[in-house]
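J.: I am attaching a structure below and will ask some questions about it afterwards.
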Amino acid sequence: MSDNTPTSLYIDGAWVASSTGETRTITCPADGSTVGVVPEATAADTEKAIAAAKRAFESRVWVDVPAGQRGDFLLDVADAIRDRKDEFARAEALDTGKRLVEAEGDMDDIISCFRYYGKIADSNPGRLVDAADGSVISRVVYEPVGVCGMITPWNFPLLQASWKIAPALAAGNSFVIKPAELTPHTTILIIDVLDKLGLPAGVANLVLGAGYTVGAPLSLHPDVDLVSFTGGLVTGRKIAESAAPSVKKVALELGGKNPNVIFADADFDAALDNALNAGFTDSGLVCSAGTRLIIQEEIAEKFVDELTRLAGDIVMGGPFDEKSETGPLISKEHRDKVTDYVNRGIEAGARLRTGAHWGGEEHEQGYFYAPTVLDNCTADNPAVVEEGFGPVITVETFRTEEEAIEIANNTEYGLAGAVWTSDAGTANRVSRRLRHGTIWVNDYHPYLPQAEWGGFKMSGNGRELGPAGLNEYREAKHIYENTQPAVTGWFPRKN
Ligand code: NAD
């Protein structure tokens with residue numbers, strides 16, 4: 001971050017300290033170094049931010065800007081991020097510990113997201129409906145939902161924020177955003193961009209701090225019309241519960257336990273390389289990571305031997321270490337959770353093929369966890385069932401297509417998955433029957449801002465990205481206009 005970038009809360013168009021003056025020190029998980037010190041907001045600060053967002057919404061200062069101009073504004077946001085890409089990527093790499101090259105890739109995706117919503121902001125204002133009556137004009141128009149609360153996680157801090165901010169602004173909403181307490185800096189930077197580009201006061205507000213103090217009011221407060229959350233299942237449930245009394249709209253992007261199904265006729269080398277990518281990119285801290293390798297028996301032994309060897313060769317390191325191929329986990333607490341998760345998997349009968357250690361002496365200052373492969377896994381093994389959220393691949397095997405589908409769907413989650421085969425029929429049948437929101441065929445991880453993203457089952461509700469990602473932030477209103485008002489006589493006059 002440059003020296004003149006503010007590091008505070010942003011409420012009603014002004015950078016402000018926390019009302020208690022409390023702060024939180026942000027450290028880089030790769031080496032424990034201090035990245036910055038930011039204010040720690042209180043529930044009262046969140047209340048102020050919500051009130052500012054409500055005032056801005058009710059003043060119509062942003063809603064009444066023509067949708068095309070709101071779109072132009074988002075294109076300017078995309079350009080501003082591009083111009084400051086190095087600063088943004090460095091800030092993301094420092095907060096998360098991820099490799100700079102990965103953070104740079106995230107910034108490209110963020111720019112694409114703002115461009116996409118910039119371009120479609122005025123593309124679908126509504127539609128005419130045939131009322132079967134020549135004197136009636138019946139139309140459906142789209143209007144912003146109102147005040148949006150946004151709560152985001154630490155693994156892709158600004159990417160997840162941009163999937164919410166871009167469509168919310170395109171639709172004309174006001175918002176209050178709370179990034180994960182461990183990774184606030186790029187969300188501060190995007191607010192700086194919105195401020196410098198002249199977004200009217202109160203339309204965007206930023207609060208920083210812990211989930212239970214600063215995040216919870218966003219889901220509870222009756223003046224918040226929609227809460228959009230990306231994070232873990234347990235938190236998602238709490239948010240849905242606290243949103244229920246005010247019946248606000250709730251959009252949840254939760255975890256995944258994503259199957260990577262490999263048939264014996266797949267391109268072996270491509271499937272192998274992508275299985276590594278699926279499970280270990282970004283230290284496995286990806287909601288859609290291919291953590292469940294489901295492989296046909298004929299090729300399983302050779303494939304897992306190779307996977308084990310290649311996983312063991314992956315070099316761990318800090319964000320700016322050019323030799324590094326993967327980074328650390330986000331915190332000591334998170335590493336403890338992953339360690340416990342793997343240990344429980346092994347106790348339940350999984351065989352450790354590689355990994356399950358914290359790296360050598362050179363990694364002592366950070367929260368590293370080596371890429372891990374567990375085979376001989378049964379369906380009820382906790383490592384197969386739970387979202388460990390770390391660089392861990394479990395291996396299950398199948399004989400028939402039907403068995404592969406059953407194993408792949410045997411999870412309470414439904415975020416993403418892949419099928420690898422050289423047979424078009426198998427690819428089509430299996431991809432249609434997998435109960436997950438994104439399916440890759442002979443690939444893993446790519447996504448497009450134009451295509452909807454979200455979960456079946458306990459991976460969440462609602463969709464981000466694509467046209468549906470814009471509609472999350474809009475209400476449909478039917479206007480039925482009778483151009484020739486007439487007496488109906490339904491209740492005949494008695495006198
Ligand atoms: P988390 O649920 O612990 O925290 C996410 C956010 O919620 C943070 O900002 C946190 O402060 C806040 N929070 C915590 N308790 C809260 C409460 N009671 N009320 C309101 N807010 C609260 O998740 P995490 O550990 O930061 O992120 C990892 C999880 O996110 C994984 O499960 C991962 O799969 C999921 N994720 C999903 C997607 C997706 O697109 N589906 C994308 C990224 C991450």
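Residue numbering restarts at 1 in every chain; chains get A, B, ... in the order shown in the structure tokens, and ligands count up from 1 in that same order.
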Give the alpha helix (DSSP H) residues of region 177-263 of chain A, as DSSP finds them on the backbone, and put them as a VMD selection string.
T.: chain A and resid 185 to 196 216 to 220 233 to 243
J.: Within 8 Å of ligand 1, which residues show up when you count only C-alpha atoms and all ligand atoms? List them as a tab-separated table (two decimals) with N, CA, C and O atoms, in the first residue's frame, please.
T.:
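pocket.tsv, written as the output of this step:
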```tsv
chain	number	residue	atom	x	y	z
A	151	ILE	N	-20.19	-9.71	3.57
A	151	ILE	CA	-19.21	-10.29	4.51
A	151	ILE	C	-18.35	-11.26	3.73
A	151	ILE	O	-18.87	-12.16	3.06
A	152	THR	N	-17.04	-11.07	3.77
A	152	THR	CA	-16.16	-11.82	2.86
A	152	THR	C	-15.06	-12.58	3.62
A	152	THR	O	-14.73	-12.23	4.76
A	153	PRO	N	-14.49	-13.60	3.00
A	153	PRO	CA	-13.49	-14.46	3.64
A	153	PRO	C	-12.06	-14.01	3.33
A	153	PRO	O	-11.84	-13.05	2.60
A	154	TRP	N	-11.09	-14.79	3.87
A	154	TRP	CA	-9.69	-14.39	3.76
A	154	TRP	C	-8.94	-15.06	2.62
A	154	TRP	O	-7.79	-14.73	2.37
A	155	ASN	N	-9.57	-16.01	1.94
A	155	ASN	CA	-8.76	-16.74	0.95
A	155	ASN	C	-8.60	-15.99	-0.38
A	155	ASN	O	-7.52	-15.99	-0.97
A	156	PHE	N	-9.70	-15.36	-0.84
A	156	PHE	CA	-9.62	-14.49	-2.02
A	156	PHE	C	-10.28	-13.17	-1.62
A	156	PHE	O	-11.38	-12.85	-2.09
A	160	GLN	N	-13.58	-12.06	-3.83
A	160	GLN	CA	-14.93	-12.32	-3.31
A	160	GLN	C	-15.68	-11.01	-3.11
A	160	GLN	O	-16.89	-10.94	-3.33
A	178	LYS	N	-17.77	-5.85	5.14
A	178	LYS	CA	-16.85	-6.24	6.20
A	178	LYS	C	-15.96	-7.36	5.67
A	178	LYS	O	-16.39	-8.50	5.50
A	179	PRO	N	-14.70	-7.04	5.41
A	179	PRO	CA	-13.79	-8.11	4.97
A	179	PRO	C	-13.37	-8.98	6.16
A	179	PRO	O	-13.58	-8.59	7.31
A	180	ALA	N	-12.78	-10.12	5.87
A	180	ALA	CA	-12.25	-10.97	6.95
A	180	ALA	C	-11.23	-10.15	7.74
A	180	ALA	O	-10.45	-9.39	7.17
A	181	GLU	N	-11.24	-10.33	9.05
A	181	GLU	CA	-10.41	-9.49	9.92
A	181	GLU	C	-8.92	-9.68	9.67
A	181	GLU	O	-8.11	-8.79	9.97
A	209	GLY	N	-13.18	-5.60	11.27
A	209	GLY	CA	-13.20	-6.19	12.61
A	209	GLY	C	-13.72	-7.61	12.62
A	209	GLY	O	-13.92	-8.24	11.57
A	210	ALA	N	-13.96	-8.09	13.83
A	210	ALA	CA	-14.30	-9.50	14.03
A	210	ALA	C	-15.72	-9.80	13.57
A	210	ALA	O	-16.60	-8.93	13.58
A	211	GLY	N	-15.93	-11.07	13.20
A	211	GLY	CA	-17.23	-11.48	12.69
A	211	GLY	C	-18.35	-11.26	13.68
A	211	GLY	O	-19.40	-10.72	13.34
A	212	TYR	N	-18.12	-11.68	14.93
A	212	TYR	CA	-19.24	-11.65	15.87
A	212	TYR	C	-19.59	-10.24	16.34
A	212	TYR	O	-20.70	-10.00	16.79
A	213	THR	N	-18.66	-9.27	16.23
A	213	THR	CA	-19.02	-7.90	16.63
A	213	THR	C	-19.44	-7.05	15.42
A	213	THR	O	-20.45	-6.36	15.47
A	214	VAL	N	-18.68	-7.14	14.36
A	214	VAL	CA	-18.90	-6.23	13.24
A	214	VAL	C	-19.72	-6.88	12.12
A	214	VAL	O	-20.52	-6.22	11.45
A	215	GLY	N	-19.54	-8.21	11.94
A	215	GLY	CA	-20.28	-8.90	10.88
A	215	GLY	C	-21.71	-9.19	11.30
A	215	GLY	O	-22.65	-8.99	10.51
A	216	ALA	N	-21.88	-9.64	12.55
A	216	ALA	CA	-23.21	-10.07	12.98
A	216	ALA	C	-24.28	-8.99	12.80
A	216	ALA	O	-25.38	-9.30	12.33
A	217	PRO	N	-24.00	-7.70	13.14
A	217	PRO	CA	-25.06	-6.70	12.96
A	217	PRO	C	-25.53	-6.59	11.51
A	217	PRO	O	-26.68	-6.22	11.26
A	218	LEU	N	-24.66	-6.92	10.57
A	218	LEU	CA	-25.07	-6.80	9.17
A	218	LEU	C	-26.16	-7.82	8.82
A	218	LEU	O	-27.02	-7.57	7.98
A	219	SER	N	-26.10	-9.00	9.47
A	219	SER	CA	-27.14	-9.99	9.17
A	219	SER	C	-28.39	-9.77	10.02
A	219	SER	O	-29.47	-10.17	9.64
A	229	PHE	N	-22.97	-13.31	1.86
A	229	PHE	CA	-21.88	-13.84	2.68
A	229	PHE	C	-21.09	-14.88	1.89
A	229	PHE	O	-21.67	-15.75	1.25
A	230	THR	N	-19.78	-14.80	1.96
A	230	THR	CA	-18.93	-15.88	1.47
A	230	THR	C	-18.04	-16.32	2.61
A	230	THR	O	-17.36	-15.50	3.23
A	231	GLY	N	-18.09	-17.61	2.92
A	231	GLY	CA	-17.28	-18.11	4.02
A	231	GLY	C	-17.69	-19.53	4.36
A	231	GLY	O	-18.20	-20.26	3.50
A	232	GLY	N	-17.47	-19.92	5.59
A	232	GLY	CA	-17.69	-21.31	6.00
A	232	GLY	C	-19.16	-21.62	6.30
A	232	GLY	O	-19.96	-20.73	6.57
A	233	LEU	N	-19.46	-22.92	6.29
A	233	LEU	CA	-20.84	-23.39	6.51
A	233	LEU	C	-21.38	-22.98	7.88
A	233	LEU	O	-22.52	-22.53	8.00
A	234	VAL	N	-20.55	-23.12	8.93
A	234	VAL	CA	-21.03	-22.84	10.28
A	234	VAL	C	-21.43	-21.37	10.40
A	234	VAL	O	-22.51	-21.03	10.91
A	235	THR	N	-20.58	-20.48	9.88
A	235	THR	CA	-20.90	-19.05	9.92
A	235	THR	C	-22.12	-18.76	9.04
A	235	THR	O	-22.99	-17.97	9.42
A	236	GLY	N	-22.18	-19.42	7.89
A	236	GLY	CA	-23.31	-19.20	6.98
A	236	GLY	C	-24.64	-19.52	7.65
A	236	GLY	O	-25.62	-18.79	7.49
A	238	LYS	N	-25.25	-19.37	10.86
A	238	LYS	CA	-25.54	-18.32	11.86
A	238	LYS	C	-26.12	-17.09	11.17
A	238	LYS	O	-27.05	-16.45	11.66
A	239	ILE	N	-25.55	-16.76	10.02
A	239	ILE	CA	-26.01	-15.57	9.30
A	239	ILE	C	-27.46	-15.75	8.83
A	239	ILE	O	-28.30	-14.86	8.99
A	252	LEU	N	-25.68	-16.96	0.14
A	252	LEU	CA	-24.60	-17.66	0.84
A	252	LEU	C	-23.71	-18.40	-0.15
A	252	LEU	O	-24.21	-19.21	-0.95
A	253	GLU	N	-22.42	-18.10	-0.12
A	253	GLU	CA	-21.43	-18.86	-0.90
A	253	GLU	C	-20.57	-19.57	0.11
A	253	GLU	O	-19.71	-18.95	0.75
A	254	LEU	N	-20.79	-20.86	0.29
A	254	LEU	CA	-20.12	-21.56	1.38
A	254	LEU	C	-19.05	-22.51	0.85
A	254	LEU	O	-18.54	-22.33	-0.23
A	255	GLY	N	-18.75	-23.50	1.64
A	255	GLY	CA	-17.63	-24.37	1.30
A	255	GLY	C	-17.97	-25.41	0.24
A	255	GLY	O	-19.06	-25.43	-0.33
A	256	GLY	N	-17.00	-26.28	0.00
A	256	GLY	CA	-17.21	-27.37	-0.95
A	256	GLY	C	-16.39	-28.58	-0.55
A	256	GLY	O	-15.45	-28.49	0.25
A	285	LEU	N	-6.50	-23.55	-0.44
A	285	LEU	CA	-7.43	-22.64	0.25
A	285	LEU	C	-8.41	-22.05	-0.75
A	285	LEU	O	-8.53	-20.83	-0.91
A	286	VAL	N	-9.05	-22.94	-1.48
A	286	VAL	CA	-9.97	-22.54	-2.54
A	286	VAL	C	-11.27	-23.31	-2.28
A	286	VAL	O	-11.24	-24.53	-2.12
A	287	CYS	N	-12.39	-22.59	-2.25
A	287	CYS	CA	-13.66	-23.26	-1.92
A	287	CYS	C	-13.96	-24.37	-2.91
A	287	CYS	O	-14.58	-25.37	-2.56
A	288	SER	N	-13.51	-24.22	-4.16
A	288	SER	CA	-13.79	-25.21	-5.19
A	288	SER	C	-12.63	-26.17	-5.41
A	288	SER	O	-12.59	-26.89	-6.42
A	387	GLU	N	-14.87	-30.46	5.09
A	387	GLU	CA	-14.06	-29.54	4.30
A	387	GLU	C	-12.83	-29.17	5.13
A	387	GLU	O	-12.91	-28.33	6.01
A	389	PHE	N	-10.13	-27.65	4.20
A	389	PHE	CA	-9.66	-26.35	3.75
A	389	PHE	C	-8.16	-26.19	3.94
A	389	PHE	O	-7.67	-25.33	4.67
A	415	LEU	N	-20.56	-27.63	-4.50
A	415	LEU	CA	-20.05	-26.39	-5.12
A	415	LEU	C	-19.50	-26.61	-6.53
A	415	LEU	O	-19.89	-25.95	-7.47
A	453	TRP	N	-21.92	-18.66	-10.66
A	453	TRP	CA	-21.12	-19.43	-9.71
A	453	TRP	C	-21.92	-19.57	-8.43
A	453	TRP	O	-22.47	-18.60	-7.91
A	454	GLY	N	-21.96	-20.80	-7.89
A	454	GLY	CA	-22.66	-20.96	-6.61
A	454	GLY	C	-22.89	-22.42	-6.32
A	454	GLY	O	-22.49	-23.30	-7.09
A	455	GLY	N	-23.53	-22.67	-5.19
A	455	GLY	CA	-23.58	-24.04	-4.71
A	455	GLY	C	-24.95	-24.68	-4.71
A	455	GLY	O	-25.96	-24.02	-4.51
A	459	SER	N	-23.64	-26.01	-0.03
A	459	SER	CA	-22.63	-25.05	-0.50
A	459	SER	C	-23.23	-23.66	-0.66
A	459	SER	O	-22.51	-22.72	-1.03
A	460	GLY	N	-24.50	-23.52	-0.38
A	460	GLY	CA	-25.05	-22.17	-0.34
A	460	GLY	C	-26.32	-21.99	-1.11
A	460	GLY	O	-26.90	-22.95	-1.63
```
J.: Can you write out as a Markdown table which residues of region 310-377 of chain A fall within 12 Å of region 19-31 of chain A, alongside each residue's closest atom pair and its distance in Å to one decimal, counting only C-alpha atoms and ordering rows by chain and ascending residue number?
T.:
```
| residue | atom | partner | partner_atom | distance |
| --- | --- | --- | --- | --- |
| A:Met316 | CA | A:Ala30 | CA | 9.7 |
| A:Gly317 | CA | A:Ala30 | CA | 7.3 |
| A:Gly318 | CA | A:Ala30 | CA | 5.2 |
| A:Pro319 | CA | A:Ala30 | CA | 7.4 |
| A:Phe320 | CA | A:Ala30 | CA | 9.9 |
| A:Asp321 | CA | A:Ala30 | CA | 10.3 |
| A:Ser324 | CA | A:Ala30 | CA | 11.2 |
| A:Thr326 | CA | A:Ala30 | CA | 10.6 |
| A:Gly327 | CA | A:Ala30 | CA | 7.0 |
| A:Pro328 | CA | A:Ala30 | CA | 5.6 |
| A:Leu329 | CA | A:Pro29 | CA | 6.9 |
| A:Ile330 | CA | A:Pro29 | CA | 5.5 |
| A:Ser331 | CA | A:Pro29 | CA | 5.9 |
| A:Lys332 | CA | A:Pro29 | CA | 8.3 |
| A:Glu333 | CA | A:Pro29 | CA | 11.1 |
| A:His334 | CA | A:Pro29 | CA | 10.6 |
| A:Arg335 | CA | A:Pro29 | CA | 10.5 |
| A:Trp358 | CA | A:Ala30 | CA | 11.9 |
| A:Gly359 | CA | A:Ala30 | CA | 11.9 |
| A:Glu362 | CA | A:Asp31 | CA | 9.9 |
| A:His363 | CA | A:Asp31 | CA | 7.9 |
| A:Glu364 | CA | A:Asp31 | CA | 8.0 |
| A:Gln365 | CA | A:Asp31 | CA | 4.7 |
| A:Gly366 | CA | A:Ala30 | CA | 4.2 |
| A:Tyr367 | CA | A:Pro29 | CA | 5.9 |
| A:Phe368 | CA | A:Ala30 | CA | 7.4 |
| A:Tyr369 | CA | A:Ala30 | CA | 11.0 |
```
J.: For the residues selected in the previous step, produce a file with N, CA and C atoms as an mmCIF file, in the first residue's frame.
T.:
```cif
data_model
loop_
_atom_site.group_PDB
_atom_site.id
_atom_site.type_symbol
_atom_site.label_atom_id
_atom_site.label_comp_id
_atom_site.auth_asym_id
_atom_site.auth_seq_id
_atom_site.Cartn_x
_atom_site.Cartn_y
_atom_site.Cartn_z
ATOM 1 N N MET A 316 7.374 -25.005 -1.041
ATOM 2 C CA MET A 316 6.605 -24.011 -0.285
ATOM 3 C C MET A 316 7.475 -22.774 -0.057
ATOM 4 N N GLY A 317 6.816 -21.605 -0.007
ATOM 5 C CA GLY A 317 7.585 -20.394 0.245
ATOM 6 C C GLY A 317 6.698 -19.174 0.374
ATOM 7 N N GLY A 318 7.336 -18.056 0.662
ATOM 8 C CA GLY A 318 6.619 -16.797 0.878
ATOM 9 C C GLY A 318 6.189 -16.164 -0.433
ATOM 10 N N PRO A 319 5.414 -15.078 -0.339
ATOM 11 C CA PRO A 319 4.808 -14.472 -1.525
ATOM 12 C C PRO A 319 5.816 -13.990 -2.563
ATOM 13 N N PHE A 320 6.995 -13.569 -2.107
ATOM 14 C CA PHE A 320 7.941 -12.960 -3.055
ATOM 15 C C PHE A 320 9.148 -13.860 -3.323
ATOM 16 N N ASP A 321 9.064 -15.107 -2.860
ATOM 17 C CA ASP A 321 10.134 -16.074 -3.068
ATOM 18 C C ASP A 321 9.922 -16.694 -4.452
ATOM 19 N N SER A 324 9.201 -20.366 -4.832
ATOM 20 C CA SER A 324 8.003 -20.905 -4.193
ATOM 21 C C SER A 324 6.948 -21.315 -5.216
ATOM 22 N N THR A 326 3.934 -22.787 -3.744
ATOM 23 C CA THR A 326 2.705 -22.649 -2.968
ATOM 24 C C THR A 326 3.018 -21.963 -1.647
ATOM 25 N N GLY A 327 2.024 -21.287 -1.095
ATOM 26 C CA GLY A 327 2.255 -20.472 0.094
ATOM 27 C C GLY A 327 1.798 -21.137 1.381
ATOM 28 N N PRO A 328 1.690 -20.347 2.445
ATOM 29 C CA PRO A 328 1.304 -20.885 3.749
ATOM 30 C C PRO A 328 -0.213 -20.937 3.920
ATOM 31 N N LEU A 329 -0.657 -21.489 5.040
ATOM 32 C CA LEU A 329 -2.054 -21.343 5.445
ATOM 33 C C LEU A 329 -2.197 -19.961 6.084
ATOM 34 N N ILE A 330 -3.414 -19.577 6.415
ATOM 35 C CA ILE A 330 -3.650 -18.176 6.773
ATOM 36 C C ILE A 330 -3.207 -17.838 8.194
ATOM 37 N N SER A 331 -3.218 -18.815 9.107
ATOM 38 C CA SER A 331 -2.930 -18.502 10.510
ATOM 39 C C SER A 331 -2.522 -19.774 11.238
ATOM 40 N N LYS A 332 -2.000 -19.584 12.434
ATOM 41 C CA LYS A 332 -1.633 -20.734 13.272
ATOM 42 C C LYS A 332 -2.893 -21.548 13.588
ATOM 43 N N GLU A 333 -3.982 -20.842 13.925
ATOM 44 C CA GLU A 333 -5.234 -21.538 14.279
ATOM 45 C C GLU A 333 -5.699 -22.395 13.113
ATOM 46 N N HIS A 334 -5.586 -21.827 11.915
ATOM 47 C CA HIS A 334 -6.056 -22.590 10.762
ATOM 48 C C HIS A 334 -5.146 -23.799 10.511
ATOM 49 N N ARG A 335 -3.848 -23.613 10.689
ATOM 50 C CA ARG A 335 -2.943 -24.756 10.506
ATOM 51 C C ARG A 335 -3.242 -25.842 11.543
ATOM 52 N N TRP A 358 4.900 -29.534 8.541
ATOM 53 C CA TRP A 358 4.881 -28.068 8.463
ATOM 54 C C TRP A 358 6.104 -27.496 7.731
ATOM 55 N N GLY A 359 6.836 -28.341 7.042
ATOM 56 C CA GLY A 359 8.042 -27.870 6.344
ATOM 57 C C GLY A 359 9.223 -27.873 7.299
ATOM 58 N N GLU A 362 13.374 -23.725 7.630
ATOM 59 C CA GLU A 362 13.208 -22.469 6.877
ATOM 60 C C GLU A 362 11.763 -21.968 6.886
ATOM 61 N N HIS A 363 10.816 -22.868 7.254
ATOM 62 C CA HIS A 363 9.410 -22.465 7.249
ATOM 63 C C HIS A 363 8.873 -22.176 8.645
ATOM 64 N N GLU A 364 9.771 -22.167 9.621
ATOM 65 C CA GLU A 364 9.333 -22.058 11.011
ATOM 66 C C GLU A 364 8.543 -20.793 11.330
ATOM 67 N N GLN A 365 8.898 -19.698 10.637
ATOM 68 C CA GLN A 365 8.242 -18.422 10.957
ATOM 69 C C GLN A 365 6.825 -18.327 10.394
ATOM 70 N N GLY A 366 6.493 -19.214 9.454
ATOM 71 C CA GLY A 366 5.172 -19.113 8.809
ATOM 72 C C GLY A 366 4.295 -20.305 9.149
ATOM 73 N N TYR A 367 3.075 -20.287 8.582
ATOM 74 C CA TYR A 367 2.106 -21.345 8.915
ATOM 75 C C TYR A 367 1.951 -22.290 7.728
ATOM 76 N N PHE A 368 3.059 -22.934 7.384
ATOM 77 C CA PHE A 368 3.052 -23.800 6.201
ATOM 78 C C PHE A 368 2.494 -25.184 6.537
ATOM 79 N N TYR A 369 1.937 -25.816 5.518
ATOM 80 C CA TYR A 369 1.479 -27.200 5.646
ATOM 81 C C TYR A 369 1.739 -27.868 4.304
#
```
J.: For region 432-438 of chain A, find every residue with an atom within 9 Å (counting only C-alpha atoms), except residues of its own chain fewer than 4 positions away, and show them as a ChimeraX atom specification.
T.: /A:258,288,405-406,408-409,413-418,427-428,447,452-457,459
J.: Which of region 233-392 of chain A counts as strand (DSSP E or B) under DSSP, as an NGL selection string please?
T.: :A and (249-253 or 259-262 or 292-296 or 316 or 326 or 351-354 or 372-375 or 392)
J.: I'd like the contact shell of Val247 (chain A) - 12 Å cut-off, only C-alpha atoms, skipping same-chain residues fewer than 2 positions apart - returned as a list in words.
T.: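 Answer for this query is Ser219, Leu220, His221, Pro222, Asp223, Val224, Asp225, Leu226, Val227, Ile239, Ala240, Glu241, Ser242, Ala243, Ala244, Pro245, Lys249 and Val250 of chain A.
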J.: Do you have the CA of Pro125 (chain A)-CA of Ala166 (chain A) distance handy?
T.: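 Separation between CA of Pro125 (chain A) and CA of Ala166 (chain A): 16.8 Å.
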J.: From the options A:Ile262, A:Leu293, A:Leu169, A:Val392, which residue's atoms come nearest to Val145 (chain A), counting only C-alpha atoms?
T.: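 Nearest to Val145 (chain A): A:Leu169.
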J.: Which value, in Å to one decimal, gives the distance between CA of Leu272 (chain A) and CA of Glu396 (chain A)?
T.: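 So the two atoms, CA of Leu272 (chain A) and CA of Glu396 (chain A), lie 15.1 Å apart.
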J.: Enter the distance from CA of Leu276 (chain A) to CA of Met458 (chain A), in Å, rounded to one decimal.
T.: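 We find that CA of Leu276 (chain A) and CA of Met458 (chain A) lie 25.4 Å from each other.
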J.: Out of A:Trp420, A:Asp133, A:Gly126, A:Gly198, which residue has the shortest atom-to-atom distance to Asp269 (chain A) when counting only C-alpha atoms?
T.: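 Smallest separation from Asp269 (chain A) among the options: A:Trp420.
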J.: Can you pull out every residue within 12 Å of region 466-475 of chain A, counting only C-alpha atoms, but drop anything in the same chain fewer than 4 positions away, and send it as a ChimeraX atom specification?
T.: /A:63,112-114,116-126,140-150,162-175,225-228,249-253,447-454,461-462
J.: List the spatial neighbours of Val261 (chain A) as number ranges by chain - criterion: any atom at most 6 Å away, only C-alpha atoms, same-chain residues fewer than 5 positions off excluded.
T.: A: 294-295, 418-419
J.: Give me the residues within 10 Å of region 199-205 of chain A as a ChimeraX atom specification, counting only C-alpha atoms and dropping any in the same chain fewer than 4 places off.
T.: /A:9-15,46,48-57,59-63,70,73,147-149,165,169,172-178,191,193-195
J.: From the list A:Arg429, A:Arg82, A:Arg90, A:Arg127, which residue is nearest Asp109 (chain A) when using only C-alpha atoms?
T.: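 Using only C-alpha atoms, Asp109 (chain A) sits closest to A:Arg82.
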J.: Using only C-alpha atoms, pick whichever of A:Ile81, A:Asp423, A:Asn381, A:Ser138 has the shortest atom-to-atom distance to Asp192 (chain A).
T.: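 Residue with the minimum atom-to-atom distance to Asp192 (chain A): A:Ile81.
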